[in-house]
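Take a look at the structure set out below.
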Amino acid sequence: MTPKVQIGQGHKLGDASPSDSNSFEYICPICSVQLTKDSYKIHLMRCSRLNVKCSICNKAIMRGKEEEHNSEFHVQVNCPACKLLVEKYLLEKHANEECLYRTVPCRWCSIPQSLKHLNKHEEICGSKTVECELFGTRVARKSFIRS
């Protein structure tokens with residue numbers, strides 16, 4: 001059962017001038033759209049009749065589409081790289097920012113490496129010697145300052 005939304009439960013955005021009816025003063029508690037004082041009550045009545053807020057991700061969902069939303073966004077899936085179970089809607093964020101098996105370039109050779117093995121690779125790769133273009137001598141890569 002969906003809780004009833006009371007008119008006036010929106011969040012005020014700031015100290016907008018009361019005389020300026022076109023300034024955005026409120027945020028809808030269901031869909032998070034910014035609203036003017038003049039349009040807030042009408043919007044909220046319509047929005048609460050047509051939508052509900054997902055208790056997991058806080059997104060607005062059309063009434064009657066809750067099961068479809070849950071099966072599309074909140075089903076658990078395995079990360080293809082590390083096999084960790086994550087919610088489907090969080091998989092992209094996990095793969096790009098959190099997964100230990102995501103690939104990142106080595107700071108010395110720029111070849112993509114698994115984050116889990118990056119330190120070991122960079123330790124070995126940084127110890128390899130390359131010819132200094134300035135002096136013509138061989139020096140370890142890690143003696144160069146990389147930005």
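Identifiers for the structure tokens are assigned positionally: chains receive A, B, ... in sequence, residues are indexed from 1 per chain, and ligands are indexed from 1 in the order shown.
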Residues near Val86 of chain A, cut-off 10 Å, only C-alpha atoms, skip fewer than 6 positions along chain, as an mmCIF file with N, CA and C atoms, in the first residue's frame:
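Saved to out-v7.cif:
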```cif
data_model
loop_
_atom_site.group_PDB
_atom_site.id
_atom_site.type_symbol
_atom_site.label_atom_id
_atom_site.label_comp_id
_atom_site.auth_asym_id
_atom_site.auth_seq_id
_atom_site.Cartn_x
_atom_site.Cartn_y
_atom_site.Cartn_z
ATOM 1 N N HIS A 74 15.834 -3.547 -9.998
ATOM 2 C CA HIS A 74 16.275 -4.010 -8.682
ATOM 3 C C HIS A 74 16.541 -5.509 -8.588
ATOM 4 N N VAL A 75 16.546 -6.191 -9.706
ATOM 5 C CA VAL A 75 16.907 -7.598 -9.720
ATOM 6 C C VAL A 75 18.427 -7.683 -9.531
ATOM 7 N N GLN A 76 18.875 -8.711 -8.831
ATOM 8 C CA GLN A 76 20.308 -8.909 -8.592
ATOM 9 C C GLN A 76 20.936 -9.605 -9.802
ATOM 10 N N VAL A 77 22.061 -9.050 -10.269
ATOM 11 C CA VAL A 77 22.797 -9.648 -11.380
ATOM 12 C C VAL A 77 24.265 -9.770 -10.980
ATOM 13 N N ASN A 78 24.956 -10.697 -11.612
ATOM 14 C CA ASN A 78 26.388 -10.874 -11.353
ATOM 15 C C ASN A 78 27.197 -9.932 -12.226
ATOM 16 N N CYS A 79 28.181 -9.288 -11.631
ATOM 17 C CA CYS A 79 29.137 -8.500 -12.415
ATOM 18 C C CYS A 79 29.890 -9.487 -13.305
ATOM 19 N N GLU A 92 26.432 -0.659 -13.903
ATOM 20 C CA GLU A 92 27.333 0.199 -14.671
ATOM 21 C C GLU A 92 28.259 0.985 -13.739
ATOM 22 N N HIS A 94 29.122 0.147 -10.679
ATOM 23 C CA HIS A 94 30.045 -0.829 -10.096
ATOM 24 C C HIS A 94 31.173 -1.148 -11.073
#
```
**Request:** Write down as a ChimeraX atom specification the residues belonging to segment 85-134 of chain A that are assigned strand (DSSP E) by DSSP computed on the backbone.
**Result:** /A:85-87,103-105,112-114,129-131
Go ahead and dump the residues you just picked, C-alpha atoms, as a PDB file, in the first residue's frame.
```
ATOM      1  CA  LEU A  85      25.921  -9.662  -6.998  1.00  0.00           C
ATOM      2  CA  VAL A  86      24.717  -6.092  -7.553  1.00  0.00           C
ATOM      3  CA  GLU A  87      21.370  -4.539  -8.406  1.00  0.00           C
ATOM      4  CA  THR A 103      40.700  -2.203 -16.391  1.00  0.00           C
ATOM      5  CA  VAL A 104      42.767   0.932 -15.848  1.00  0.00           C
ATOM      6  CA  PRO A 105      45.846   2.032 -17.778  1.00  0.00           C
ATOM      7  CA  PRO A 112      45.133  -1.512 -19.604  1.00  0.00           C
ATOM      8  CA  GLN A 113      45.476  -3.743 -16.541  1.00  0.00           C
ATOM      9  CA  SER A 114      43.049  -5.230 -14.050  1.00  0.00           C
ATOM     10  CA  THR A 129      64.713   0.708 -18.088  1.00  0.00           C
ATOM     11  CA  VAL A 130      64.170   2.996 -21.040  1.00  0.00           C
ATOM     12  CA  GLU A 131      66.527   5.323 -22.848  1.00  0.00           C
TER      13      GLU A 131
END
```
**Request:** Name the residues of chain A that come out as alpha helix (DSSP H) in a backbone DSSP run; write them as JSON, numbers by chain.
**Result:** {"A": [37, 38, 39, 40, 41, 42, 43, 44, 45, 46, 47, 48, 49, 50, 66, 67, 68, 69, 70, 71, 72, 73, 91, 92, 93, 115, 116, 117, 118, 119, 120, 121, 122, 123, 124, 125, 126, 127]}
**Test item: residues at most 12 Å from Leu115 of chain A, only C-alpha atoms, excluding those fewer than 4 positions along its chain, as JSON, numbers by chain** = {"A": [81, 82, 95, 96, 97, 98, 99, 100, 101, 102, 103, 104, 105, 106, 111, 119, 120, 121, 122]}
**Asked** Which of these, A:Ile30, A:Leu90, A:Glu67, A:Lys37, has the shortest distance to Arg49 of chain A once you count only C-alpha atoms?
**Response**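 So, comparing all the options, the nearest one is A:Ile30.
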**Request:** Kindly give the distance, in Å, that separates atom CA of Met45 of chain A and atom CA of Ser23 of chain A, rounded to a single decimal.
**Result:** 20.1 Å
